[in-house]
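Visitor: Enclosed is the structure file work-v6.txt (compact mmCIF, C-alpha atoms).
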```txt
# COMPACT_ATOMS: atom_id res chain seq x y z
CA MET A 350 -42.70 -31.09 52.49
CA VAL A 351 -41.46 -33.26 49.63
CA LEU A 352 -41.42 -30.22 47.33
CA ILE A 353 -39.51 -28.19 49.94
CA ALA A 354 -36.91 -30.94 50.40
CA LEU A 355 -36.57 -31.37 46.63
CA TYR A 356 -36.25 -27.62 46.08
CA ILE A 357 -33.56 -27.21 48.76
CA ALA A 358 -31.62 -30.28 47.62
CA VAL A 359 -31.62 -29.33 43.94
CA ASN A 360 -30.62 -25.73 44.56
CA SER A 361 -27.88 -26.76 46.98
CA VAL A 362 -26.32 -29.01 44.33
CA ILE A 363 -26.65 -26.38 41.63
CA SER A 364 -25.16 -23.70 43.86
CA ALA A 365 -22.19 -25.90 44.78
CA VAL A 366 -21.47 -27.00 41.21
CA PHE A 367 -22.57 -24.11 38.98
CA GLY A 368 -23.06 -21.14 41.30
CA GLN A 369 -26.22 -19.85 42.88
CA THR A 370 -27.28 -17.40 40.17
CA GLY A 371 -25.78 -18.61 36.92
CA ALA A 372 -27.49 -19.73 33.72
CA VAL A 373 -28.02 -23.28 35.00
CA SER A 374 -29.69 -22.05 38.19
CA PHE A 375 -31.93 -19.75 36.16
CA ILE A 376 -33.01 -22.56 33.82
CA VAL A 377 -33.67 -25.09 36.58
CA ASN A 378 -35.63 -22.65 38.74
CA THR A 379 -37.61 -21.44 35.74
CA VAL A 380 -38.61 -25.04 35.02
CA PHE A 381 -39.53 -25.43 38.71
CA SER A 382 -41.67 -22.28 38.56
CA LEU A 383 -43.45 -23.36 35.39
CA GLY A 384 -44.05 -26.77 36.94
CA LEU A 385 -45.73 -25.18 39.97
CA ILE A 386 -47.89 -22.99 37.76
CA ALA A 387 -48.89 -26.01 35.67
CA LEU A 388 -49.72 -27.98 38.82
CA MET A 389 -51.87 -25.21 40.30
CA SER A 390 -53.58 -24.58 36.96
CA GLY A 391 -54.24 -28.30 36.48
CA LEU A 392 -55.83 -28.45 39.92
CA LYS A 393 -57.71 -25.20 39.17
CA ARG A 394 -56.39 -23.79 42.43
CA THR A 395 -54.30 -20.78 41.41
CA ALA A 396 -56.48 -18.43 43.46
CA TYR A 397 -56.65 -20.90 46.34
CA TYR A 398 -52.85 -20.87 46.56
CA GLY A 399 -52.67 -17.08 46.50
CA LEU A 400 -52.38 -15.99 42.88
CA LYS A 401 -55.04 -13.31 43.10
CA ARG A 402 -55.18 -9.60 43.85
CA VAL A 403 -55.64 -8.12 47.33
CA ARG A 404 -58.94 -6.50 48.12
CA ASN A 405 -58.88 -3.19 49.99
CA SER A 406 -55.13 -2.53 50.16
CA LYS A 407 -55.84 0.49 52.35
CA GLN A 408 -56.35 -1.69 55.42
CA TYR A 409 -52.83 -3.05 54.87
CA LEU A 410 -51.44 0.52 54.76
CA TYR A 411 -51.04 -0.04 51.02
CA PHE A 412 -48.17 -2.40 51.93
CA LEU A 413 -45.82 0.59 52.41
CA PRO A 414 -43.75 -1.20 55.11
CA LEU A 415 -42.80 -3.75 52.45
CA LEU A 416 -41.02 -0.96 50.53
CA LEU A 417 -38.62 -0.63 53.45
CA LEU A 418 -37.77 -4.32 53.21
CA ILE A 419 -37.27 -4.04 49.44
CA SER A 420 -34.93 -1.05 49.77
CA VAL A 421 -32.62 -2.44 52.45
CA ASN A 422 -30.07 -3.83 49.99
CA LEU A 423 -29.59 -0.37 48.46
CA TRP A 424 -28.96 1.62 51.63
CA ASN A 425 -25.20 1.53 51.18
CA GLY A 426 -25.31 2.47 47.50
CA PHE A 427 -24.99 0.38 44.36
CA ASN A 428 -22.34 -2.24 43.75
CA THR A 429 -21.46 -1.90 40.06
CA ASP A 430 -18.52 -4.32 40.00
CA LYS A 431 -20.47 -7.24 38.56
CA GLY A 432 -20.84 -7.91 34.86
CA ALA A 433 -24.07 -7.49 32.92
CA SER A 434 -24.68 -11.23 32.43
CA GLU A 435 -24.13 -11.94 36.13
CA ILE A 436 -26.58 -9.22 37.10
CA ILE A 437 -29.21 -10.38 34.61
CA PHE A 438 -29.03 -14.06 35.62
CA HIS A 439 -29.03 -13.10 39.31
CA ILE A 440 -32.19 -11.00 38.94
CA LEU A 441 -34.01 -13.58 36.81
CA THR A 442 -33.03 -16.44 39.12
CA MET A 443 -34.11 -14.54 42.22
CA ILE A 444 -37.47 -13.67 40.70
CA ASN A 445 -38.03 -17.38 40.22
CA ILE A 446 -36.83 -18.21 43.73
CA GLY A 447 -39.11 -15.59 45.28
CA PHE A 448 -42.06 -17.10 43.44
CA ILE A 449 -41.14 -20.71 44.22
CA GLU A 450 -40.50 -20.19 47.92
CA GLU A 451 -43.71 -18.26 48.46
CA ILE A 452 -45.76 -20.92 46.70
CA ILE A 453 -44.25 -23.91 48.50
CA PHE A 454 -43.72 -22.41 51.97
CA ARG A 455 -46.86 -20.28 52.10
CA GLY A 456 -49.20 -21.55 49.40
CA PHE A 457 -48.74 -25.32 49.71
CA LEU A 458 -47.37 -25.91 53.21
CA PHE A 459 -49.51 -23.36 55.04
CA LYS A 460 -52.72 -24.26 53.21
CA MET A 461 -52.18 -27.97 53.84
CA MET A 462 -51.59 -27.54 57.58
CA ALA A 463 -54.17 -24.77 58.12
CA ARG A 464 -56.96 -27.24 57.47
CA ASP A 465 -56.13 -28.81 60.84
CA ASN A 466 -54.72 -25.91 62.87
CA VAL A 467 -54.07 -22.39 61.61
CA LYS A 468 -51.75 -21.36 64.46
CA THR A 469 -49.56 -24.43 63.99
CA ALA A 470 -49.52 -23.83 60.25
CA ILE A 471 -48.33 -20.25 60.76
CA ILE A 472 -45.54 -21.33 63.11
CA VAL A 473 -44.34 -24.21 60.94
CA SER A 474 -44.43 -22.16 57.74
CA SER A 475 -42.42 -19.36 59.36
CA LEU A 476 -39.84 -21.63 61.01
CA THR A 477 -39.24 -23.90 58.04
CA PHE A 478 -38.71 -20.87 55.81
CA GLY A 479 -36.23 -19.34 58.26
CA ILE A 480 -34.37 -22.50 59.19
CA GLY A 481 -34.15 -23.47 55.53
CA HIS A 482 -31.58 -20.69 55.09
CA ILE A 483 -29.12 -22.62 57.28
CA ILE A 484 -28.30 -24.56 54.13
CA ASN A 485 -26.24 -21.53 53.06
CA LEU A 486 -23.53 -22.75 55.43
CA LEU A 487 -22.94 -25.67 53.09
CA ASN A 488 -22.40 -23.19 50.27
CA GLY A 489 -19.60 -21.37 52.08
CA ALA A 490 -21.51 -18.67 53.95
CA GLU A 491 -20.16 -17.42 57.29
CA LEU A 492 -21.79 -18.65 60.51
CA ILE A 493 -22.90 -15.38 62.18
CA PRO A 494 -24.40 -13.74 59.05
CA THR A 495 -26.19 -17.00 58.26
CA LEU A 496 -27.67 -17.25 61.76
CA LEU A 497 -28.83 -13.64 61.50
CA GLN A 498 -30.37 -14.49 58.14
CA VAL A 499 -32.25 -17.38 59.75
CA VAL A 500 -33.67 -14.98 62.36
CA TYR A 501 -34.86 -12.28 59.98
CA ALA A 502 -36.03 -14.81 57.40
CA THR A 503 -38.22 -16.37 60.09
CA ALA A 504 -39.64 -12.94 60.97
CA THR A 505 -40.24 -12.14 57.31
CA GLY A 506 -41.77 -15.55 56.77
CA TYR A 507 -44.14 -14.87 59.65
CA LEU A 508 -45.20 -11.56 58.10
CA PHE A 509 -45.76 -13.14 54.71
CA VAL A 510 -47.87 -15.97 56.08
CA ILE A 511 -49.97 -13.46 58.05
CA ILE A 512 -50.53 -11.42 54.88
CA PHE A 513 -51.53 -14.58 53.02
CA HIS A 514 -53.78 -15.79 55.83
CA LYS A 515 -55.59 -12.47 56.13
CA SER A 516 -55.83 -11.45 52.46
CA GLY A 517 -55.78 -14.77 50.65
CA SER A 518 -53.21 -13.31 48.25
CA LEU A 519 -49.53 -14.16 47.89
CA LEU A 520 -48.83 -11.48 45.29
CA PRO A 521 -47.47 -8.84 47.76
CA CYS A 522 -45.27 -11.53 49.30
CA ILE A 523 -44.01 -12.82 45.95
CA ILE A 524 -43.20 -9.33 44.68
CA THR A 525 -41.44 -8.29 47.89
CA HIS A 526 -39.52 -11.56 48.23
CA SER A 527 -38.39 -11.47 44.60
CA LEU A 528 -37.27 -7.84 44.73
CA VAL A 529 -35.40 -8.21 48.04
CA ASN A 530 -33.48 -11.16 46.61
CA ALA A 531 -32.95 -9.60 43.18
CA LEU A 532 -31.62 -6.28 44.49
CA SER A 533 -29.06 -8.09 46.65
CA VAL A 534 -26.84 -8.22 43.57
CA PHE A 535 -26.27 -4.48 44.03
CA SER A 536 -25.69 -4.56 47.79
CA ILE A 537 -22.45 -3.39 49.39
CA GLU A 538 -21.35 -5.39 52.43
CA ASN A 539 -20.34 -3.43 55.54
CA THR A 540 -21.23 -3.26 59.22
CA LEU A 541 -24.64 -1.75 58.42
CA SER A 542 -25.68 -4.50 56.03
CA MET A 543 -24.24 -7.32 58.15
CA TYR A 544 -25.58 -6.42 61.59
CA ILE A 545 -27.96 -3.45 61.57
CA ALA A 546 -29.96 -4.40 58.49
CA PRO A 547 -30.87 -7.82 59.98
CA LEU A 548 -32.27 -6.04 63.04
CA ILE A 549 -34.45 -3.86 60.82
CA LEU A 550 -35.46 -6.86 58.72
CA THR A 551 -36.57 -8.58 61.92
CA ALA A 552 -38.29 -5.67 63.67
CA VAL A 553 -40.26 -4.26 60.73
CA PRO A 554 -41.90 -7.57 59.70
CA LEU A 555 -42.83 -8.39 63.30
CA LEU A 556 -44.34 -4.96 63.97
CA TYR A 557 -46.19 -4.95 60.66
CA ALA A 558 -47.50 -8.47 61.28
CA VAL A 559 -48.80 -7.41 64.70
CA TYR A 560 -50.57 -4.45 63.08
CA ILE A 561 -52.20 -6.65 60.43
CA ASN A 562 -53.24 -9.22 63.03
CA ARG A 563 -54.97 -6.57 65.12
CA ARG A 564 -56.48 -4.38 62.42
CA VAL A 565 -57.36 -6.62 59.49
CA ARG A 566 -60.10 -9.18 59.36
CA LYS A 567 -59.58 -12.38 57.39
CA CYS A 568 -61.16 -12.28 53.93
```
So, in terms of structure tokens, how does the structure I just supplied come out?

Guide:
Amino acid sequence: MVLIALYIAVNSVISAVFGQTGAVSFIVNTVFSLGLIALMSGLKRTAYYGLKRVRNSKQYLYFLPLLLLISVNLWNGFNTDKGASEIIFHILTMINIGFIEEIIFRGFLFKMMARDNVKTAIIVSSLTFGIGHIINLLNGAELIPTLLQVVYATATGYLFVIIFHKSGSLLPCIITHSLVNALSVFSIENTLSMYIAPLILTAVPLLYAVYINRRVRKC
């Protein structure tokens, strides 16, 4: 919880002062990522916290539903108005953020709480990940899109924690999370992306999570 609070606080300050995806944000989040890797390596718990491959991807439908989540930011075409440096720093920063958030919300938080109660750990991990996006309001985001983001982030967080719980691997979650965030630099805002996409980003994770819960045994 301390790491989550620190991560949110630091990135809120950076976003307000330097912008969410500039050079400073990239550097700070890269340091954060390297720190997490060093911590897990020092504890010899990289596999324990999900940095290992998934066995038998077939039972997860080869994670094909995750491709739908990854592609959602490109449904309206490509936004090519941004400069090369902005695009590069956005992508690199979001790769770091995808990694960091999966490790602290799923790897650390879920694993810590699951020792006492798995169901509670799943709920808390999902809700804290979703509600954490409310901080975007402080960075100038609009109320309704932010609330929708909280809803679908909670649903996606639930899917990711189910994948981690069942497979023991965070790699599919890290890759999907990073790509969804990174490709947002190319998204074009309209009615589809603001209101319909959130519905899809809520329904698909929930349905896929239900499938995994029913069909896949915990490794």

Visitor: I need the residue nearest Met389 of chain A from this list: A:Phe457, A:Phe367, A:Gly481, A:Glu435. Use all atoms listed in the file for the distance.

Guide: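 Counting all atoms listed in the file, the residue closest to Met389 of chain A is A:Phe457.
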
Visitor: Would you work out the distance separating atom CA of Tyr409 of chain A from atom CA of Ala504 of chain A, expressed in Å to one decimal?

Guide: 17.6 Å

Visitor: Segment 373-426 of chain A near segment 353-365 of chain A within 10 Å: what's each residue's closest atom pair and its distance in Å to one decimal, counting all atoms listed in the file, ordered by chain then ascending residue number, as a Markdown table?

Guide:
```
| residue | atom | partner | partner_atom | distance |
| --- | --- | --- | --- | --- |
| A:Val373 | CA | A:Ile363 | CA | 7.4 |
| A:Ser374 | CA | A:Ile363 | CA | 6.3 |
| A:Val377 | CA | A:Asn360 | CA | 8.6 |
| A:Asn378 | CA | A:Asn360 | CA | 8.3 |
| A:Phe381 | CA | A:Tyr356 | CA | 8.4 |
```

Visitor: Rank A:Leu423, A:Ile484, A:Val534, A:Ala490 by their smallest atom-to-atom distance to Ala546 of chain A, using only C-alpha atoms, and report the top residue only.

Guide: A:Leu423

Visitor: Need to verify the contact set: segment 547-560 of chain A, 12 Å, all atoms listed in the file, exclusion of same-chain residues closer than 2 positions in sequence. Can you return it as an NGL selection string?

Guide: :A and (408-422 or 471 or 475 or 479 or 493-515 or 522 or 525 or 529 or 540-545 or 562-566)

Visitor: Could you tell me how far atom CA of Met443 of chain A sits from atom CA of Val380 of chain A, in Å to one decimal place?

Guide: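 Between these atoms lies a distance of 13.5 Å.
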
Visitor: So that I can see what lies close to Val403 of chain A, please list as a VMD selection string the residues with an atom at most 9 Å from it, counting only C-alpha atoms and leaving out residues fewer than 5 positions away in the same chain.

Guide: chain A and resid 516 to 521

Visitor: Between atom CA of Ala433 of chain A and atom CA of Ile386 of chain A, what is the distance, to one decimal in Å?

Guide: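 Spanning atom CA of Ala433 of chain A to atom CA of Ile386 of chain A is a straight-line distance of 28.8 Å.
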
Visitor: Counting all atoms listed in the file, which of A:Phe427, A:Phe375, A:Phe478, A:Phe448 gets nearest to Glu538 of chain A?

Guide: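 Using all atoms listed in the file, Glu538 of chain A sits closest to A:Phe427.
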
Visitor: What are the centre and edge lengths in Å, to one decimal, of the axis-aligned box around all listed atoms of segment 411-418 of chain A with 3 Å added on each side, as lines of an AutoDock Vina configuration file?

Guide:
```
center_x = -44.4
center_y = -1.9
center_z = 52.8
size_x = 19.3
size_y = 10.9
size_z = 10.6
```

Visitor: For Thr379 of chain A, which residue out of A:Val467, A:Thr442, A:Ile537, A:Ala531 is the nearest one, using all atoms listed in the file?

Guide: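 Closest candidate: A:Thr442.
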
Visitor: Using only C-alpha atoms for the distances, tell me which of A:His526, A:Lys407, A:Lys468, A:Lys567 is nearest to Gly447 of chain A.

Guide: A:His526

Visitor: Between A:Tyr397, A:Leu528, A:Ala387, A:Val366, single out the one closest to Gly456 of chain A, counting all atoms listed in the file.

Guide: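 Closest to Gly456 of chain A of all the choices is A:Tyr397.
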